[in-house]
>>> print(open('upload.json').read())   # JSON, C-alpha atoms and all ligand atoms
[["chain", "number", "residue", "atom", "x", "y", "z"],
["A", 88, "MET", "CA", -44.71, 8.51, 28.83],
["A", 89, "ILE", "CA", -43.01, 10.07, 25.81],
["A", 90, "PRO", "CA", -39.30, 10.57, 26.41],
["A", 91, "ASP", "CA", -37.92, 13.99, 25.99],
["A", 92, "LEU", "CA", -36.50, 13.86, 22.47],
["A", 93, "ALA", "CA", -34.32, 16.85, 23.08],
["A", 94, "THR", "CA", -32.08, 14.76, 25.29],
["A", 95, "ASN", "CA", -31.15, 12.69, 22.27],
["A", 96, "HIS", "CA", -29.20, 15.56, 20.86],
["A", 97, "ARG", "CA", -27.69, 17.24, 23.80],
["A", 98, "SER", "CA", -24.26, 16.90, 25.25],
["A", 99, "LEU", "CA", -23.67, 16.48, 28.94],
["A", 100, "THR", "CA", -20.36, 17.69, 30.13],
["A", 101, "THR", "CA", -18.84, 16.32, 33.30],
["A", 102, "ASP", "CA", -15.47, 17.00, 34.78],
["A", 103, "HIS", "CA", -13.71, 14.22, 32.92],
["A", 104, "CYS", "CA", -15.60, 13.48, 29.80],
["A", 105, "GLN", "CA", -18.35, 14.45, 27.49],
["A", 106, "VAL", "CA", -21.32, 12.24, 26.80],
["A", 107, "ILE", "CA", -22.74, 12.73, 23.33],
["A", 108, "TYR", "CA", -26.14, 11.36, 22.39],
["A", 109, "ASN", "CA", -26.54, 10.87, 18.69],
["A", 110, "ASP", "CA", -29.70, 10.58, 16.60],
["A", 111, "SER", "CA", -30.10, 6.86, 17.17],
["A", 112, "GLY", "CA", -30.13, 7.44, 20.91],
["A", 113, "LEU", "CA", -26.84, 5.59, 21.28],
["A", 114, "MET", "CA", -24.33, 7.04, 23.58],
["A", 115, "SER", "CA", -20.68, 7.45, 22.71],
["A", 116, "TRP", "CA", -17.94, 8.37, 25.10],
["A", 117, "PHE", "CA", -15.29, 10.79, 24.04],
["A", 118, "LYS", "CA", -12.52, 12.35, 25.97],
["A", 119, "ARG", "CA", -13.11, 15.98, 26.58],
["A", 120, "GLU", "CA", -10.34, 16.94, 24.15],
["A", 121, "SER", "CA", -12.35, 15.59, 21.26],
["A", 122, "GLY", "CA", -13.67, 19.01, 20.35],
["A", 123, "GLU", "CA", -13.20, 18.13, 16.68],
["A", 124, "PHE", "CA", -16.46, 16.19, 16.71],
["A", 125, "ASP", "CA", -18.48, 19.26, 17.71],
["A", 126, "GLY", "CA", -17.17, 21.21, 14.75],
["A", 127, "PRO", "CA", -13.97, 23.08, 14.25],
["A", 128, "ASP", "CA", -12.61, 24.68, 17.35],
["A", 129, "SER", "CA", -15.94, 24.52, 19.21],
["A", 130, "ASN", "CA", -14.44, 25.21, 22.58],
["A", 131, "GLY", "CA", -12.46, 28.16, 21.27],
["A", 132, "ASP", "CA", -9.22, 26.45, 22.10],
["A", 133, "GLY", "CA", -7.34, 25.75, 18.90],
["A", 134, "GLU", "CA", -4.56, 23.97, 20.70],
["A", 135, "LYS", "CA", -6.83, 21.23, 22.04],
["A", 136, "ASN", "CA", -8.23, 20.48, 18.61],
["A", 137, "VAL", "CA", -4.77, 20.18, 17.16],
["A", 138, "ARG", "CA", -3.79, 17.76, 19.90],
["A", 139, "THR", "CA", -6.59, 15.30, 19.13],
["A", 140, "GLU", "CA", -6.06, 15.54, 15.41],
["A", 141, "GLY", "CA", -4.52, 12.33, 14.19],
["A", 142, "LEU", "CA", -5.90, 10.14, 16.98],
["A", 143, "TRP", "CA", -9.09, 9.39, 15.11],
["A", 144, "SER", "CA", -9.77, 9.06, 11.46],
["A", 145, "LYS", "CA", -12.66, 8.26, 9.20],
["A", 146, "CYS", "CA", -12.44, 4.93, 7.43],
["A", 147, "PRO", "CA", -13.01, 5.32, 3.67],
["A", 148, "GLY", "CA", -14.43, 1.79, 3.64],
["A", 149, "CYS", "CA", -17.22, 1.97, 6.23],
["A", 150, "ARG", "CA", -17.31, 5.76, 6.85],
["A", 151, "GLN", "CA", -17.06, 5.09, 10.57],
["A", 152, "THR", "CA", -14.83, 7.00, 12.93],
["A", 153, "ILE", "CA", -12.05, 4.73, 14.00],
["A", 154, "TRP", "CA", -9.28, 5.01, 16.54],
["A", 155, "LYS", "CA", -5.99, 5.10, 14.68],
["A", 156, "ALA", "CA", -4.20, 3.03, 17.33],
["A", 157, "ASP", "CA", -6.74, 0.24, 16.75],
["A", 158, "VAL", "CA", -6.05, 0.33, 13.03],
["A", 159, "GLU", "CA", -2.29, 0.33, 13.52],
["A", 160, "ALA", "CA", -2.51, -2.59, 15.93],
["A", 161, "ASN", "CA", -4.49, -4.43, 13.26],
["A", 162, "LEU", "CA", -1.75, -4.18, 10.54],
["A", 163, "ASN", "CA", -3.37, -0.98, 9.25],
["A", 164, "VAL", "CA", -6.59, -2.75, 8.41],
["A", 165, "CYS", "CA", -9.92, -1.29, 9.62],
["A", 166, "PRO", "CA", -11.14, -3.53, 12.46],
["A", 167, "LYS", "CA", -14.75, -2.82, 11.50],
["A", 168, "CYS", "CA", -14.86, -3.39, 7.74],
["A", 169, "GLN", "CA", -11.39, -4.81, 6.89],
["A", 170, "HIS", "CA", -10.53, -1.90, 4.63],
["A", 171, "HIS", "CA", -6.81, -2.19, 3.87],
["A", 172, "PHE", "CA", -4.99, 1.11, 4.36],
["A", 173, "LYS", "CA", -1.81, 1.82, 2.40],
["A", 174, "ILE", "CA", 1.40, 0.98, 4.19],
["A", 175, "GLY", "CA", 4.99, 1.97, 3.46],
["A", 176, "ALA", "CA", 7.75, -0.14, 1.93],
["A", 177, "ARG", "CA", 9.60, -0.55, 5.21],
["A", 178, "GLN", "CA", 6.46, -1.68, 7.03],
["A", 179, "ARG", "CA", 5.89, -4.16, 4.25],
["A", 180, "LEU", "CA", 9.35, -5.65, 4.69],
["A", 181, "ASP", "CA", 8.80, -5.92, 8.45],
["A", 182, "LEU", "CA", 5.50, -7.64, 7.82],
["A", 183, "LEU", "CA", 6.77, -10.26, 5.40],
["A", 184, "LEU", "CA", 10.37, -10.91, 6.37],
["A", 185, "GLU", "CA", 11.88, -12.26, 9.56],
["A", 186, "PRO", "CA", 13.88, -9.73, 11.62],
["A", 187, "GLY", "CA", 17.48, -9.34, 10.50],
["A", 188, "TYR", "CA", 16.79, -8.92, 6.78],
["A", 189, "GLN", "CA", 19.25, -6.83, 4.84],
["A", 190, "LEU", "CA", 18.53, -3.82, 2.63],
["A", 191, "VAL", "CA", 20.37, -4.00, -0.70],
["A", 192, "ASP", "CA", 20.72, -1.95, -3.90],
["A", 193, "THR", "CA", 20.45, 1.33, -2.01],
["A", 194, "GLY", "CA", 21.99, 4.66, -2.97],
["A", 195, "LEU", "CA", 20.51, 5.03, -6.47],
["A", 196, "ARG", "CA", 19.03, 8.46, -7.15],
["A", 197, "SER", "CA", 17.39, 9.99, -10.20],
["A", 198, "THR", "CA", 19.50, 12.42, -12.23],
["A", 199, "ASP", "CA", 16.42, 14.15, -13.68],
["A", 200, "PRO", "CA", 17.45, 13.37, -17.29],
["A", 201, "LEU", "CA", 14.95, 15.78, -18.87],
["A", 202, "ASN", "CA", 15.54, 18.62, -16.41],
["A", 203, "PHE", "CA", 11.77, 18.53, -16.02],
["A", 204, "HIS", "CA", 9.55, 21.30, -14.68],
["A", 205, "ASP", "CA", 5.78, 21.20, -14.19],
["A", 206, "MET", "CA", 4.22, 23.19, -11.35],
["A", 207, "LYS", "CA", 7.63, 22.96, -9.74],
["A", 208, "PRO", "CA", 10.97, 21.45, -10.70],
["A", 209, "TYR", "CA", 11.16, 17.65, -10.60],
["A", 210, "LYS", "CA", 14.42, 17.95, -8.64],
["A", 211, "GLN", "CA", 12.50, 19.76, -5.93],
["A", 212, "ARG", "CA", 9.82, 17.04, -5.85],
["A", 213, "LEU", "CA", 12.51, 14.39, -5.54],
["A", 214, "ARG", "CA", 14.21, 16.20, -2.69],
["A", 215, "LYS", "CA", 10.94, 16.61, -0.81],
["A", 216, "ALA", "CA", 9.98, 12.95, -1.27],
["A", 217, "GLN", "CA", 13.43, 11.85, -0.15],
["A", 218, "GLU", "CA", 13.19, 13.98, 2.97],
["A", 219, "GLU", "CA", 9.67, 12.81, 3.82],
["A", 220, "THR", "CA", 10.19, 9.09, 3.26],
["A", 221, "GLY", "CA", 13.88, 8.73, 4.06],
["A", 222, "LEU", "CA", 14.22, 6.70, 0.85],
["A", 223, "ASP", "CA", 16.22, 7.36, -2.32],
["A", 224, "ASP", "CA", 13.29, 6.49, -4.55],
["A", 225, "ALA", "CA", 9.96, 4.66, -4.59],
["A", 226, "VAL", "CA", 11.24, 1.15, -3.91],
["A", 227, "LEU", "CA", 13.23, -0.84, -1.35],
["A", 228, "ASN", "CA", 15.09, -4.09, -2.05],
["A", 229, "ALA", "CA", 15.88, -6.57, 0.69],
["A", 230, "VAL", "CA", 17.20, -10.09, 1.10],
["A", 231, "GLY", "CA", 16.05, -12.15, 4.03],
["A", 232, "GLN", "CA", 13.98, -15.03, 5.26],
["A", 233, "LEU", "CA", 10.29, -15.39, 4.62],
["A", 234, "GLY", "CA", 9.52, -18.18, 7.04],
["A", 235, "PRO", "CA", 11.85, -21.03, 5.99],
["A", 236, "HIS", "CA", 12.53, -19.53, 2.55],
["A", 237, "ALA", "CA", 15.45, -17.28, 1.68],
["A", 238, "VAL", "CA", 13.97, -14.69, -0.67],
["A", 239, "VAL", "CA", 14.65, -11.45, -2.51],
["A", 240, "LEU", "CA", 11.91, -8.93, -1.78],
["A", 241, "SER", "CA", 11.26, -5.65, -3.51],
["A", 242, "ALA", "CA", 8.61, -3.37, -1.97],
["A", 243, "MET", "CA", 7.32, -0.18, -3.56],
["A", 244, "GLU", "CA", 6.66, 3.01, -1.60],
["A", 245, "TYR", "CA", 3.49, 4.84, -2.61],
["A", 246, "ALA", "CA", 4.36, 7.89, -0.51],
["A", 247, "PHE", "CA", 7.30, 8.59, -2.83],
["A", 248, "ILE", "CA", 5.74, 10.53, -5.75],
["A", 249, "GLY", "CA", 2.82, 8.09, -5.93],
["A", 250, "GLY", "CA", 5.09, 5.06, -6.18],
["A", 251, "SER", "CA", 5.78, 6.10, -9.75],
["A", 252, "MET", "CA", 8.31, 4.14, -11.78],
["A", 253, "GLY", "CA", 11.24, 6.08, -13.17],
["A", 254, "ALA", "CA", 14.74, 4.95, -14.08],
["A", 255, "VAL", "CA", 15.74, 4.33, -10.45],
["A", 256, "VAL", "CA", 12.70, 2.17, -9.64],
["A", 257, "GLY", "CA", 13.27, 0.29, -12.90],
["A", 258, "GLU", "CA", 16.93, -0.30, -12.18],
["A", 259, "THR", "CA", 16.35, -1.24, -8.53],
["A", 260, "ILE", "CA", 13.67, -3.80, -9.38],
["A", 261, "THR", "CA", 15.80, -5.18, -12.22],
["A", 262, "ARG", "CA", 18.66, -5.65, -9.75],
["A", 263, "ALA", "CA", 16.28, -7.55, -7.46],
["A", 264, "VAL", "CA", 15.28, -9.79, -10.36],
["A", 265, "ASP", "CA", 18.92, -10.42, -11.32],
["A", 266, "ARG", "CA", 19.85, -11.12, -7.73],
["A", 267, "ALA", "CA", 17.03, -13.64, -7.44],
["A", 268, "ARG", "CA", 18.21, -15.35, -10.65],
["A", 269, "ASN", "CA", 21.90, -15.41, -9.69],
["A", 270, "GLN", "CA", 21.26, -16.66, -6.16],
["A", 271, "LYS", "CA", 18.34, -18.90, -7.15],
["A", 272, "LYS", "CA", 16.15, -17.32, -4.49],
["A", 273, "PRO", "CA", 12.44, -16.76, -5.08],
["A", 274, "LEU", "CA", 11.50, -13.18, -5.89],
["A", 275, "ILE", "CA", 8.60, -11.34, -4.25],
["A", 276, "ILE", "CA", 7.63, -7.88, -5.50],
["A", 277, "VAL", "CA", 5.04, -5.85, -3.62],
["A", 278, "ALA", "CA", 3.60, -3.35, -6.09],
["A", 279, "ALA", "CA", 2.04, -0.01, -5.07],
["A", 280, "SER", "CA", 2.19, 2.48, -7.87],
["A", 281, "GLY", "CA", 0.38, 5.11, -9.86],
["A", 282, "GLY", "CA", 2.31, 3.97, -12.95],
["A", 283, "ALA", "CA", 5.18, 5.39, -14.95],
["A", 284, "ARG", "CA", 6.87, 8.57, -13.72],
["A", 285, "MET", "CA", 5.84, 11.23, -16.19],
["A", 286, "MET", "CA", 8.69, 13.53, -15.14],
["A", 287, "GLU", "CA", 11.11, 11.10, -16.76],
["A", 288, "GLY", "CA", 9.16, 10.81, -20.00],
["A", 289, "VAL", "CA", 10.08, 7.93, -22.27],
["A", 290, "VAL", "CA", 12.85, 6.83, -19.89],
["A", 291, "SER", "CA", 10.15, 5.78, -17.41],
["A", 292, "LEU", "CA", 8.29, 3.81, -20.08],
["A", 293, "MET", "CA", 11.45, 1.92, -21.01],
["A", 294, "GLN", "CA", 11.51, 0.44, -17.50],
["A", 295, "MET", "CA", 8.52, -1.73, -18.39],
["A", 296, "ALA", "CA", 10.52, -3.56, -21.07],
["A", 297, "LYS", "CA", 13.67, -3.62, -18.99],
["A", 298, "ILE", "CA", 12.06, -5.34, -16.00],
["A", 299, "SER", "CA", 9.97, -7.66, -18.17],
["A", 300, "THR", "CA", 13.11, -8.85, -19.97],
["A", 301, "ALA", "CA", 14.83, -9.59, -16.67],
["A", 302, "LEU", "CA", 11.72, -11.49, -15.52],
["A", 303, "ALA", "CA", 11.76, -13.59, -18.68],
["A", 304, "GLN", "CA", 15.34, -14.60, -17.82],
["A", 305, "LEU", "CA", 14.23, -15.40, -14.27],
["A", 306, "ASP", "CA", 11.51, -17.58, -15.71],
["A", 307, "ASP", "CA", 14.05, -19.39, -17.94],
["A", 308, "ALA", "CA", 16.12, -20.06, -14.82],
["A", 309, "ARG", "CA", 12.98, -21.56, -13.23],
["A", 310, "VAL", "CA", 13.10, -19.33, -10.17],
["A", 311, "PRO", "CA", 9.65, -18.52, -8.76],
["A", 312, "TYR", "CA", 8.31, -14.97, -8.85],
["A", 313, "ILE", "CA", 5.29, -13.88, -6.82],
["A", 314, "CYS", "CA", 3.76, -10.45, -7.25],
["A", 315, "VAL", "CA", 1.64, -8.92, -4.51],
["A", 316, "LEU", "CA", -0.60, -6.15, -5.86],
["A", 317, "THR", "CA", -1.64, -3.58, -3.30],
["A", 318, "ASP", "CA", -3.77, -0.46, -3.44],
["A", 319, "PRO", "CA", -3.17, 1.06, -5.97],
["A", 320, "THR", "CA", -1.34, -0.81, -8.74],
["A", 321, "THR", "CA", -1.97, 1.01, -11.98],
["A", 322, "GLY", "CA", -0.52, 2.18, -15.29],
["A", 323, "GLY", "CA", 2.81, 0.91, -16.54],
["A", 324, "VAL", "CA", 3.43, -1.16, -13.41],
["A", 325, "THR", "CA", 0.26, -3.20, -13.99],
["A", 326, "ALA", "CA", 1.15, -3.37, -17.67],
["A", 327, "SER", "CA", 4.53, -4.92, -16.91],
["A", 328, "PHE", "CA", 5.92, -6.75, -13.89],
["A", 329, "ALA", "CA", 2.85, -6.61, -11.63],
["A", 330, "MET", "CA", 0.96, -9.00, -13.88],
["A", 331, "LEU", "CA", 3.89, -11.26, -14.78],
["A", 332, "GLY", "CA", 4.17, -13.28, -11.58],
["A", 333, "ASP", "CA", 3.95, -17.05, -11.45],
["A", 334, "LEU", "CA", 1.34, -16.04, -8.90],
["A", 335, "ASN", "CA", -0.34, -12.64, -8.91],
["A", 336, "ILE", "CA", -2.05, -12.08, -5.60],
["A", 337, "ALA", "CA", -3.74, -8.94, -4.37],
["A", 338, "GLU", "CA", -4.87, -7.41, -1.12],
["A", 339, "PRO", "CA", -8.65, -7.00, -0.76],
["A", 340, "GLY", "CA", -10.23, -3.94, -2.34],
["A", 341, "ALA", "CA", -7.06, -2.79, -4.09],
["A", 342, "LEU", "CA", -7.43, -0.56, -7.15],
["A", 343, "ILE", "CA", -5.73, -2.41, -9.99],
["A", 344, "GLY", "CA", -5.87, -1.31, -13.59],
["A", 345, "PHE", "CA", -4.10, 0.23, -16.54],
["A", 346, "ALA", "CA", -6.06, 3.36, -17.51],
["A", 347, "GLY", "CA", -8.42, 5.14, -15.12],
["A", 348, "PRO", "CA", -12.15, 4.31, -15.24],
["A", 349, "ARG", "CA", -13.11, 7.74, -16.62],
["A", 350, "VAL", "CA", -10.80, 7.36, -19.60],
["A", 351, "ILE", "CA", -12.18, 3.89, -20.33],
["A", 352, "GLU", "CA", -15.80, 5.05, -20.03],
["A", 353, "GLN", "CA", -15.15, 7.88, -22.45],
["A", 354, "THR", "CA", -13.41, 5.55, -24.90],
["A", 355, "ILE", "CA", -15.90, 2.69, -24.98],
["A", 356, "ARG", "CA", -18.93, 4.92, -24.24],
["A", 357, "GLN", "CA", -20.32, 2.46, -21.74],
["A", 358, "LYS", "CA", -20.98, 2.55, -18.03],
["A", 359, "LEU", "CA", -18.52, 0.37, -16.16],
["A", 360, "PRO", "CA", -19.82, -2.29, -13.74],
["A", 361, "GLU", "CA", -19.75, -1.94, -9.96],
["A", 362, "GLY", "CA", -16.40, -2.71, -8.37],
["A", 363, "PHE", "CA", -14.60, -2.46, -11.71],
["A", 364, "GLN", "CA", -10.79, -2.49, -11.29],
["A", 365, "ARG", "CA", -10.94, -3.77, -7.72],
["A", 366, "SER", "CA", -9.15, -6.96, -6.63],
["A", 367, "GLU", "CA", -12.30, -9.05, -6.23],
["A", 368, "PHE", "CA", -13.61, -8.11, -9.68],
["A", 369, "LEU", "CA", -10.26, -8.95, -11.28],
["A", 370, "LEU", "CA", -10.11, -12.28, -9.45],
["A", 371, "GLU", "CA", -13.56, -13.15, -10.78],
["A", 372, "LYS", "CA", -12.45, -12.29, -14.33],
["A", 373, "GLY", "CA", -9.28, -14.37, -14.08],
["A", 374, "PHE", "CA", -6.68, -11.60, -13.94],
["A", 375, "LEU", "CA", -5.56, -12.57, -10.44],
["A", 376, "ASP", "CA", -4.83, -15.88, -8.76],
["A", 377, "ALA", "CA", -5.99, -14.92, -5.28],
["A", 378, "VAL", "CA", -7.13, -12.10, -3.04],
["A", 379, "VAL", "CA", -5.50, -12.48, 0.35],
["A", 380, "HIS", "CA", -6.04, -10.57, 3.60],
["A", 381, "ARG", "CA", -2.94, -8.76, 4.86],
["A", 382, "ARG", "CA", -2.76, -10.85, 8.01],
["A", 383, "ASP", "CA", -2.66, -14.07, 5.95],
["A", 384, "MET", "CA", -0.30, -12.83, 3.24],
["A", 385, "LYS", "CA", 2.95, -14.13, 4.70],
["A", 386, "ASN", "CA", 1.55, -17.62, 5.33],
["A", 387, "TYR", "CA", 0.02, -17.69, 1.89],
["A", 388, "ILE", "CA", 3.34, -16.85, 0.20],
["A", 389, "MET", "CA", 5.14, -19.40, 2.36],
["A", 390, "ARG", "CA", 2.72, -22.14, 1.33],
["A", 391, "ALA", "CA", 2.94, -21.09, -2.31],
["A", 392, "LEU", "CA", 6.75, -21.28, -2.29],
["A", 393, "GLN", "CA", 6.58, -24.69, -0.69],
["A", 394, "PHE", "CA", 4.22, -25.79, -3.43],
["A", 395, "MET", "CA", 6.51, -24.42, -6.12],
["A", 396, "LYS", "CA", 9.29, -26.63, -4.78],
["A", 397, "VAL", "CA", 11.86, -23.90, -4.42],
["A", 398, "PRO", "CA", 15.25, -25.16, -5.68],
["A", 399, "GLU", "CA", 17.51, -26.66, -3.02],
["A", 400, "ALA", "CA", 20.01, -23.79, -3.24],
["A", 401, "ALA", "CA", 17.38, -21.35, -2.03],
["A", 402, "ASN", "CA", 16.67, -23.39, 1.05],
["A", 403, "THR", "CA", 20.22, -23.87, 2.28],
["A", 404, "THR", "CA", 19.82, -21.30, 5.06],
["A", 405, "ALA", "CA", 16.67, -22.97, 6.29],
["A", 406, "ALA", "CA", 18.21, -26.42, 6.19],
["A", 407, "LYS", "CA", 21.12, -25.43, 8.41],
["A", 501, "ZN", "ZN", -13.81, 0.57, 7.96]]
>>> encode(input="upload.json", output="structure tokens")
Amino acid sequence: MIPDLATNHRSLTTDHCQVIYNDSGLMSWFKRESGEFDGPDSNGDGEKNVRTEGLWSKCPGCRQTIWKADVEANLNVCPKCQHHFKIGARQRLDLLLEPGYQLVDTGLRSTDPLNFHDMKPYKQRLRKAQEETGLDDAVLNAVGQLGPHAVVLSAMEYAFIGGSMGAVVGETITRAVDRARNQKKPLIIVAASGGARMMEGVVSLMQMAKISTALAQLDDARVPYICVLTDPTTGGVTASFAMLGDLNIAEPGALIGFAGPRVIEQTIRQKLPEGFQRSEFLLEKGFLDAVVHRRDMKNYIMRALQFMKVPEAANTTAAK
């Protein structure tokens, strides 16, 4: 007997839930509040739709609807396709360092040297970003333990004006580098940036040289530096410290590059290959040393530091 095809598309509503049959005949269970899946405000109750908003999201990696709590419990990685979502600087510190780490080099804020206006004043953008992120600028420095290793860690915050690098980011990262050199502690920088901060013009570009010089001194002092490139690491950040690590390791699928693909295509008048500017492509071409899953990152860095034979001074805390 031919089944009634119409049942494949209908919704049955019970007291507690709604059963939705999709085209493949599979049945999914949603709480009744999930009106958002039937189209905007399908039950005429705007409040209910608002309430469910934020519980589910669509994964840009596999296009599947995923429960946000599942993603959060999985270090903000999609449990279905392993797409790595962006995470904030503070989360990054929590992920890599043992509890009890200490934030340092705080309290620096941009003075808006050019008194810059675009669609709105730069000062206004800064204020908004500071309110939303609770940070002074797009980076956080911390000292703490990464497993048995005492380290200096600098993590960038993409939510702060696209993680762009102005004078404050430049100065903060340089202080992290100097601290690592003075205390002979390995330096880890987690990059997440759209590049130089255009609102600070040439001042932002100078940060590339400033940080690179400090890193050269760190290298002379034979203190290890590991850079972790996350999605996205582009522009002046890629063109300076993000590619200068003794080890440059990236999270899977991260966008890493200098100029955007459209600009390159227009310049060289060629179609770019699939996956261009993604971690895996760059690893294959020798620009990266490894692509490491977020859940394995801490262990990987720990093993790398062990291999690099971190100077005794850096390990004093662990030895005690
Ligand atoms: Zn996914």
>>> residues_near_ligand(input="upload.json", ligand="ligand ZN 501 (chain A)", cutoff="7 Å", atoms="only C-alpha atoms and all ligand atoms", output="list in words")
Cys146, Pro147, Gly148, Cys149, Arg150, Gln151, Cys165, Pro166, Lys167, Cys168, Gln169 and His170 of chain A
>>> closest_residue(input="upload.json", among="A:Gln211, A:Lys385, A:Val379, A:Glu219", to="Asp181 (chain A)", atoms="all atoms listed in the file")
A:Lys385
>>> atom_distance(input="upload.json", atom1="CA of Ala377 (chain A)", atom2="CA of Asn161 (chain A)")
21.4 Å
>>> residues_around(input="upload.json", residues="Val238 (chain A)", least_positions_apart="2", cutoff="7 Å", atoms="all atoms listed in the file", output="NGL selection string")
:A and (230-233 or 236 or 240 or 272-274)
>>> closest_residue(input="upload.json", among="A:Ala296, A:Ile355, A:Ile276, A:Val310", to="Met395 (chain A)", atoms="only C-alpha atoms")
A:Val310
>>> residues_around(input="upload.json", residues="Val378 (chain A)", least_positions_apart="2", cutoff="10 Å", atoms="only C-alpha atoms", output="compact mmCIF listing (two decimals) with C-alpha atoms, in the frame of the given file")
# COMPACT_ATOMS: atom_id res chain seq x y z
CA VAL A 315 1.64 -8.92 -4.51
CA LEU A 316 -0.60 -6.15 -5.86
CA ASN A 335 -0.34 -12.64 -8.91
CA ILE A 336 -2.05 -12.08 -5.60
CA ALA A 337 -3.74 -8.94 -4.37
CA GLU A 338 -4.87 -7.41 -1.12
CA PRO A 339 -8.65 -7.00 -0.76
CA GLY A 340 -10.23 -3.94 -2.34
CA ALA A 341 -7.06 -2.79 -4.09
CA SER A 366 -9.15 -6.96 -6.63
CA GLU A 367 -12.30 -9.05 -6.23
CA LEU A 369 -10.26 -8.95 -11.28
CA LEU A 370 -10.11 -12.28 -9.45
CA LEU A 375 -5.56 -12.57 -10.44
CA ASP A 376 -4.83 -15.88 -8.76
CA HIS A 380 -6.04 -10.57 3.60
CA ARG A 381 -2.94 -8.76 4.86
CA MET A 384 -0.30 -12.83 3.24
>>> closest_residue(input="upload.json", among="A:Val277, A:Leu292, A:Val350, A:Leu342", to="Asp318 (chain A)", atoms="all atoms listed in the file")
A:Leu342
>>> closest_atom_pairs(input="upload.json", of="region 137-237 of chain A", to="region 255-269 of chain A", cutoff="9 Å", atoms="all atoms listed in the file", output="tab-separated table")
residue	atom	partner	partner_atom	distance
A:Val191	CA	A:Ala263	CA	8.7
A:Asp192	CA	A:Thr259	CA	6.4
A:Thr193	CA	A:Thr259	CA	8.1
A:Leu195	CA	A:Val255	CA	6.3
A:Arg196	CA	A:Val255	CA	6.2
A:Ser197	CA	A:Val255	CA	5.9
A:Asp223	CA	A:Val255	CA	8.7
A:Asp224	CA	A:Val256	CA	6.7
A:Ala225	CA	A:Val256	CA	6.3
A:Val226	CA	A:Val256	CA	6.0
A:Leu227	CA	A:Thr259	CA	7.8
A:Asn228	CA	A:Ala263	CA	6.5
A:Ala229	CA	A:Ala263	CA	8.2
A:Val230	CA	A:Ala263	CA	9.0
